[in-house]
Amino acid sequence: MPPKPVLPVARATLKGAKSLRHGNPWLYRTELAAPPDVKGPGAVVLVVDPQGNPIGQALYARRSPLALRLLTRREPAGEPVDDAFFRRRLEAALKRRAPLSGRDGLRLVHGESDLLPGLFVDRYGKGLTVQTLSEGMDARKESLARMLVELTGATHVVCRDDGSGRDFEGLPRETRLLHGEGEARFTYHEGENRFDVDLLGDMKTGAFLDQVDNHLRAGELARGEGLDLFSYHGGFALSLARNCTSVLAVEQDAKAAARAKANAEANGRTNVSVENANAFDVLKRFDTEGRRFDTIVLDPPGLAKRREGLATALRAYHELNLRALRCLKPDGLLVTCSCSGKLDRAGFEEMVLGAVADAKRPVQILERRGAGLDHPVLGGLLETEYLKALYVRAL
C-alpha cells in the first residue's frame, strides 16, 4: 500500500475555518492561526481547523495577504494534487464550455470559478493567453501551458502576467511566450464582426472577452445615432453599427483607437467613426453643446481597484452616467457598465439611479447583465461577479 502523502499543515482560525466550510475558497493571512512550514513557492498544504480537523488542500502564498486558496476539500490520500489533478481540472473547464464551441474567442479557464484558483486562460483562434494571479499557479505555468497545448491544439501560449494583481501577490510582472515562436497575432469573431489581436502587445489578455455577449445584445437593441465611450478596439461600436445609422467610438489610447478604426474598416462598418480623445471630456462637451444620441454605451476601465478608492470612483461613475443621460434623446438606450470588483451590483445600481434622479428623467431598466457564460460566478465568492451592465431606456 503506497504511503500517504505528507503535506505541510496550515492551521486556520475559528473564523477562517468557518468561512472555508461555508463556501469561500479564500483565507487571508489574518485568518491563519499557524502558517505552514514551506520552503519553495507554490506549495500545496493541508488546511485544518483549530482542533486539527482537516478542511482540505490549498495553494499557499508566502507573501500575499491572501494566504490560502482552496483547491479541494478532500484529503491528500483521497485526491493528491499533482499534474494529473491539474489536467483533470483543465479538461473539466474545457468541457463546461462545449455549448460555446462555435466561438473562436472565449475564456477557457476562469480562476476560482473553475476550481483553478488564480489561473485565467483566454482563447483567440489558435492562440491562448495565460494569467496567473496566485503564487501556486505562477509556479506551475510552464507545465500548465504544456497541458493546454495538448488539450486545445494551440500554436501559441502567451504569458500575460503584467497586471496590477501581481503586485498584490508580491509576484513580478512579465509578458512572454510560453509556447510557440515569433509574433502572436490572431483573429477572432464576435458574431459577424472580426477582430485582430496582438496577444503580446494589446491590453489585458488581448481583448475584453467578458463583454462579448453584452456587445452583441447592445447591437440588437441599438438604433439611430450611437456613441460608444471607452471603445478600446470597437467591440460595442461595431455591434451597434448593425442597427445604428452612425456610431462615434471614443478611445483615449492612440494605439487602441487606431485598431478600432482598422477593425471598422476591415468589417466594412462605414457608419463607424473613431475619435482619439478622453471620454470624460467628450461627454462633457456634448452635454454642454446639447448634442444628443439615440444609443450611448459607457464601458470605462475599472475605476475602483481598491476599497479605499471606491468613493472617488463612484463620483466618476456618477458624472459619466449623469452626462450620458442628459445626452440621450427621448426613448434613448443607455448601456452602462462597471468592471470594478470593489463595487458590487447593488452599489452600482444605486449609483446609476442616483444619476437618474439628478438627470430628472424617468427610466426603464430593461436588463441587468454581467459577464458571459464563459466567465461564471462562483457561489460564495462575490469577487467573481465583478462585471455589471445595466441596459436602461431614458423616457
# chains A, B, ... in the order shown; residues from 1 in each chain; ligands from 1

call {"tool": "select_by_dssp", "arguments": {"residues": "segment 40-250 of chain A", "states": "alpha helix (DSSP H)", "output": "ChimeraX atom specification"}}
result
/A:83-96,135-138,141-152,165-169,212-221,235-240

call {"tool": "residues_around", "arguments": {"residues": "Val377 of chain A", "least_positions_apart": "2", "cutoff": "6 Å", "atoms": "only C-alpha atoms", "output": "ChimeraX atom specification"}}
result
/A:113,384-385

call {"tool": "write_last_selection", "arguments": {"atoms": "N, CA, C and O atoms", "output": "mmCIF file, in the first residue's frame"}}
result
data_model
loop_
_atom_site.group_PDB
_atom_site.id
_atom_site.type_symbol
_atom_site.label_atom_id
_atom_site.label_comp_id
_atom_site.auth_asym_id
_atom_site.auth_seq_id
_atom_site.Cartn_x
_atom_site.Cartn_y
_atom_site.Cartn_z
ATOM 1 N N SER A 113 -13.712 30.107 -10.182
ATOM 2 C CA SER A 113 -14.996 29.597 -10.660
ATOM 3 C C SER A 113 -14.853 28.247 -11.346
ATOM 4 O O SER A 113 -15.818 27.480 -11.425
ATOM 5 N N THR A 384 -15.958 37.185 -7.788
ATOM 6 C CA THR A 384 -16.018 36.663 -9.151
ATOM 7 C C THR A 384 -17.146 37.293 -9.966
ATOM 8 O O THR A 384 -17.206 37.111 -11.179
ATOM 9 N N GLU A 385 -18.037 38.053 -9.305
ATOM 10 C CA GLU A 385 -19.088 38.779 -10.036
ATOM 11 C C GLU A 385 -18.665 40.247 -10.139
ATOM 12 O O GLU A 385 -19.285 41.135 -9.572
#

call {"tool": "closest_residue", "arguments": {"among": "A:Asp161, A:Asp196, A:Asp82, A:Glu75", "to": "Tyr124 of chain A", "atoms": "only C-alpha atoms"}}
result
A:Asp196

call {"tool": "residues_around", "arguments": {"residues": "segment 353-367 of chain A", "least_positions_apart": "2", "cutoff": "9 Å", "atoms": "only C-alpha atoms", "output": "list in words"}}
result
Tyr317, His318, Glu319, Leu320, Asn321, Leu322, Arg323, Leu325, Arg326, Asp331, Phe348, Glu349, Glu350, Met351, Arg369, Ala389, Leu390, Tyr391, Val392, Arg393, Ala394 and Leu395 of chain A

call {"tool": "atom_distance", "arguments": {"atom1": "atom CA of Val130 of chain A", "atom2": "atom CA of Ala145 of chain A"}}
result
7.8 Å

call {"tool": "residues_around", "arguments": {"residues": "Arg166 of chain A", "least_positions_apart": "4", "cutoff": "10 Å", "atoms": "only C-alpha atoms", "output": "PyMOL selection string"}}
result
chain A and resi 64+131-135+138+161-162+170-174

call {"tool": "atom_distance", "arguments": {"atom1": "atom CA of Thr13 of chain A", "atom2": "atom CA of Leu116 of chain A"}}
result
23.8 Å

call {"tool": "atom_distance", "arguments": {"atom1": "atom CA of His110 of chain A", "atom2": "atom CA of Leu200 of chain A"}}
result
20.0 Å

call {"tool": "residues_around", "arguments": {"residues": "segment 287-293 of chain A", "least_positions_apart": "5", "cutoff": "6 Å", "atoms": "only C-alpha atoms", "output": "ChimeraX atom specification"}}
result
/A:225-226,327-329

call {"tool": "write_last_selection", "arguments": {"atoms": "N, CA, C and O atoms", "output": "PDB file, in the first residue's frame"}}
result
ATOM      1  N   GLU A 225     -28.537  57.319 -33.861  1.00  0.00           N
ATOM      2  CA  GLU A 225     -27.152  57.749 -33.697  1.00  0.00           C
ATOM      3  C   GLU A 225     -26.569  57.137 -32.427  1.00  0.00           C
ATOM      4  O   GLU A 225     -27.141  57.277 -31.354  1.00  0.00           O
ATOM      5  N   GLY A 226     -25.415  56.493 -32.561  1.00  0.00           N
ATOM      6  CA  GLY A 226     -24.807  55.804 -31.436  1.00  0.00           C
ATOM      7  C   GLY A 226     -23.498  56.442 -30.999  1.00  0.00           C
ATOM      8  O   GLY A 226     -22.762  57.020 -31.811  1.00  0.00           O
ATOM      9  N   CYS A 327     -27.477  63.377 -22.458  1.00  0.00           N
ATOM     10  CA  CYS A 327     -27.190  63.356 -23.887  1.00  0.00           C
ATOM     11  C   CYS A 327     -28.063  62.368 -24.654  1.00  0.00           C
ATOM     12  O   CYS A 327     -27.871  62.182 -25.865  1.00  0.00           O
ATOM     13  N   LEU A 328     -28.985  61.717 -23.975  1.00  0.00           N
ATOM     14  CA  LEU A 328     -29.866  60.762 -24.646  1.00  0.00           C
ATOM     15  C   LEU A 328     -31.134  61.435 -25.142  1.00  0.00           C
ATOM     16  O   LEU A 328     -31.758  62.225 -24.432  1.00  0.00           O
ATOM     17  N   LYS A 329     -31.526  61.082 -26.339  1.00  0.00           N
ATOM     18  CA  LYS A 329     -32.812  61.513 -26.864  1.00  0.00           C
ATOM     19  C   LYS A 329     -33.940  60.769 -26.146  1.00  0.00           C
ATOM     20  O   LYS A 329     -33.686  59.758 -25.490  1.00  0.00           O
TER      21      LYS A 329
END

call {"tool": "closest_atom_pairs", "arguments": {"of": "segment 58-129 of chain A", "to": "segment 19-25 of chain A", "cutoff": "12 Å", "atoms": "only C-alpha atoms", "output": "CSV"}}
result
residue,atom,partner,partner_atom,distance
A:Ala58,CA,A:Pro25,CA,8.7
A:Leu59,CA,A:Pro25,CA,10.5
A:Leu66,CA,A:Pro25,CA,10.6
A:Ala67,CA,A:Pro25,CA,11.0
A:Leu68,CA,A:Pro25,CA,8.0
A:Arg69,CA,A:Pro25,CA,5.7
A:Leu70,CA,A:Pro25,CA,4.9
A:Leu71,CA,A:Pro25,CA,7.8
A:Thr72,CA,A:Pro25,CA,9.2
A:Arg73,CA,A:Arg21,CA,9.0
A:Gly111,CA,A:Pro25,CA,11.3
A:Glu112,CA,A:Pro25,CA,7.8
A:Ser113,CA,A:Pro25,CA,10.0
A:Asp114,CA,A:Pro25,CA,11.8
A:Leu115,CA,A:Pro25,CA,9.1
A:Leu116,CA,A:Pro25,CA,10.7
A:Pro117,CA,A:Pro25,CA,8.5
A:Gly118,CA,A:Pro25,CA,11.3

call {"tool": "closest_atom_pairs", "arguments": {"of": "segment 277-363 of chain A", "to": "segment 213-223 of chain A", "cutoff": "10 Å", "atoms": "only C-alpha atoms", "output": "CSV"}}
result
residue,atom,partner,partner_atom,distance
A:Phe293,CA,A:Arg223,CA,9.4
A:Asp294,CA,A:Arg223,CA,6.3
A:Thr295,CA,A:Ala222,CA,5.9
A:Ile296,CA,A:Ala222,CA,8.8
A:Val297,CA,A:Ala218,CA,8.5
A:Gly332,CA,A:Arg223,CA,8.6
A:Leu333,CA,A:Ala222,CA,7.0
A:Leu334,CA,A:Ala218,CA,9.3
A:Val335,CA,A:Ala218,CA,7.2
A:Cys337,CA,A:Asn214,CA,9.6

call {"tool": "write_last_selection", "arguments": {"atoms": "C-alpha atoms", "output": "PDB file, in the first residue's frame"}}
result
ATOM      1  CA  PHE A 293     -27.810  60.424 -29.260  1.00  0.00           C
ATOM      2  CA  ASP A 294     -30.256  57.538 -29.525  1.00  0.00           C
ATOM      3  CA  THR A 295     -27.830  54.960 -28.074  1.00  0.00           C
ATOM      4  CA  ILE A 296     -24.931  55.515 -25.658  1.00  0.00           C
ATOM      5  CA  VAL A 297     -22.524  52.940 -24.229  1.00  0.00           C
ATOM      6  CA  GLY A 332     -32.802  56.540 -25.893  1.00  0.00           C
ATOM      7  CA  LEU A 333     -30.842  53.466 -24.795  1.00  0.00           C
ATOM      8  CA  LEU A 334     -28.030  53.672 -22.232  1.00  0.00           C
ATOM      9  CA  VAL A 335     -25.787  50.651 -21.780  1.00  0.00           C
ATOM     10  CA  CYS A 337     -21.063  49.054 -17.276  1.00  0.00           C
TER      11      CYS A 337
END

call {"tool": "residues_around", "arguments": {"residues": "Arg259 of chain A", "least_positions_apart": "5", "cutoff": "12 Å", "atoms": "only C-alpha atoms", "output": "PyMOL selection string"}}
result
chain A and resi 194-198+202-203+206-207+231-235+249+251+253-254+264-266+274-276

call {"tool": "select_by_dssp", "arguments": {"residues": "segment 96-277 of chain A", "states": "strand (DSSP E)", "output": "ChimeraX atom specification"}}
result
/A:105-110,119-124,127-132,156-161,174-179,185-190,193-198,224-229,244-251,272-276

call {"tool": "residues_around", "arguments": {"residues": "Leu94 of chain A", "least_positions_apart": "2", "cutoff": "9 Å", "atoms": "only C-alpha atoms", "output": "PyMOL selection string"}}
result
chain A and resi 89-92+96-98+108-109+151-152

call {"tool": "write_last_selection", "arguments": {"atoms": "C-alpha atoms", "output": "PDB file, in the first residue's frame"}}
result
ATOM      1  CA  ARG A  89      -9.404  20.354 -13.759  1.00  0.00           C
ATOM      2  CA  LEU A  90      -8.392  21.829 -17.149  1.00  0.00           C
ATOM      3  CA  GLU A  91     -10.314  19.127 -19.007  1.00  0.00           C
ATOM      4  CA  ALA A  92     -13.407  19.835 -16.904  1.00  0.00           C
ATOM      5  CA  ARG A  96     -18.062  23.150 -19.499  1.00  0.00           C
ATOM      6  CA  ARG A  97     -17.568  25.426 -22.486  1.00  0.00           C
ATOM      7  CA  ALA A  98     -18.804  22.847 -25.003  1.00  0.00           C
ATOM      8  CA  LEU A 108     -11.421  28.707 -21.219  1.00  0.00           C
ATOM      9  CA  VAL A 109     -10.495  28.887 -17.522  1.00  0.00           C
ATOM     10  CA  LEU A 151      -5.735  19.733 -24.849  1.00  0.00           C
ATOM     11  CA  THR A 152      -6.513  22.568 -27.294  1.00  0.00           C
TER      12      THR A 152
END

call {"tool": "closest_residue", "arguments": {"among": "A:Thr187, A:Thr312, A:Thr129, A:Gln57", "to": "Asp104 of chain A", "atoms": "only C-alpha atoms"}}
result
A:Thr187

call {"tool": "decode", "arguments": {"residues": "segment 282-303 of chain A", "atoms": "N, CA, C and O atoms", "output": "short mmCIF file (atom, residue, chain, number, x, y, z; two decimals), in the first residue's frame"}}
result
data_model
loop_
_atom_site.label_atom_id
_atom_site.label_comp_id
_atom_site.auth_asym_id
_atom_site.auth_seq_id
_atom_site.Cartn_x
_atom_site.Cartn_y
_atom_site.Cartn_z
N VAL A 282 -15.08 64.41 -23.83
CA VAL A 282 -16.01 64.37 -24.97
C VAL A 282 -17.45 64.42 -24.48
O VAL A 282 -18.28 65.17 -25.01
N LEU A 283 -17.77 63.64 -23.46
CA LEU A 283 -19.14 63.62 -22.96
C LEU A 283 -19.53 64.96 -22.34
O LEU A 283 -20.66 65.44 -22.52
N LYS A 284 -18.60 65.58 -21.64
CA LYS A 284 -18.86 66.90 -21.08
C LYS A 284 -19.13 67.91 -22.19
O LYS A 284 -20.05 68.74 -22.10
N ARG A 285 -18.35 67.82 -23.27
CA ARG A 285 -18.54 68.74 -24.40
C ARG A 285 -19.89 68.54 -25.05
O ARG A 285 -20.61 69.50 -25.34
N PHE A 286 -20.27 67.28 -25.28
CA PHE A 286 -21.56 67.00 -25.90
C PHE A 286 -22.72 67.47 -25.02
O PHE A 286 -23.73 68.00 -25.51
N ASP A 287 -22.57 67.29 -23.70
CA ASP A 287 -23.60 67.74 -22.76
C ASP A 287 -23.76 69.25 -22.85
O ASP A 287 -24.88 69.78 -22.93
N THR A 288 -22.63 69.95 -22.86
CA THR A 288 -22.65 71.42 -22.91
C THR A 288 -23.23 71.92 -24.23
O THR A 288 -24.00 72.89 -24.27
N GLU A 289 -22.86 71.26 -25.32
CA GLU A 289 -23.31 71.67 -26.66
C GLU A 289 -24.75 71.27 -26.95
O GLU A 289 -25.35 71.76 -27.92
N GLY A 290 -25.29 70.38 -26.13
CA GLY A 290 -26.65 69.92 -26.38
C GLY A 290 -26.74 68.85 -27.46
O GLY A 290 -27.81 68.63 -28.03
N ARG A 291 -25.64 68.16 -27.73
CA ARG A 291 -25.67 67.08 -28.73
C ARG A 291 -26.33 65.85 -28.14
O ARG A 291 -26.06 65.47 -27.00
N ARG A 292 -27.20 65.24 -28.91
CA ARG A 292 -27.99 64.14 -28.39
C ARG A 292 -27.84 62.88 -29.25
O ARG A 292 -27.65 62.96 -30.46
N PHE A 293 -27.97 61.72 -28.59
CA PHE A 293 -27.81 60.42 -29.26
C PHE A 293 -28.98 59.51 -28.91
O PHE A 293 -29.64 59.67 -27.88
N ASP A 294 -29.21 58.53 -29.78
CA ASP A 294 -30.26 57.54 -29.52
C ASP A 294 -29.74 56.37 -28.68
O ASP A 294 -30.51 55.72 -27.97
N THR A 295 -28.44 56.08 -28.79
CA THR A 295 -27.83 54.96 -28.07
C THR A 295 -26.47 55.40 -27.55
O THR A 295 -25.66 55.93 -28.31
N ILE A 296 -26.23 55.19 -26.25
CA ILE A 296 -24.93 55.51 -25.66
C ILE A 296 -24.45 54.33 -24.84
O ILE A 296 -25.21 53.71 -24.09
N VAL A 297 -23.17 54.01 -25.00
CA VAL A 297 -22.52 52.94 -24.23
C VAL A 297 -21.43 53.54 -23.37
O VAL A 297 -20.58 54.29 -23.86
N LEU A 298 -21.45 53.21 -22.08
CA LEU A 298 -20.39 53.58 -21.14
C LEU A 298 -19.72 52.30 -20.65
O LEU A 298 -20.33 51.51 -19.92
N ASP A 299 -18.49 52.08 -21.04
CA ASP A 299 -17.75 50.89 -20.61
C ASP A 299 -16.36 51.29 -20.14
O ASP A 299 -15.35 50.93 -20.76
N PRO A 300 -16.27 52.04 -19.02
CA PRO A 300 -14.98 52.53 -18.55
C PRO A 300 -14.13 51.42 -17.96
O PRO A 300 -14.64 50.34 -17.61
N PRO A 301 -12.83 51.65 -17.85
CA PRO A 301 -11.97 50.68 -17.15
C PRO A 301 -12.33 50.64 -15.68
O PRO A 301 -13.11 51.46 -15.19
N GLY A 302 -11.75 49.70 -14.95
CA GLY A 302 -12.04 49.59 -13.52
C GLY A 302 -11.60 50.85 -12.78
O GLY A 302 -10.41 51.12 -12.68
N LEU A 303 -12.55 51.61 -12.29
CA LEU A 303 -12.24 52.87 -11.63
C LEU A 303 -11.99 52.70 -10.14
O LEU A 303 -11.48 53.61 -9.49
#
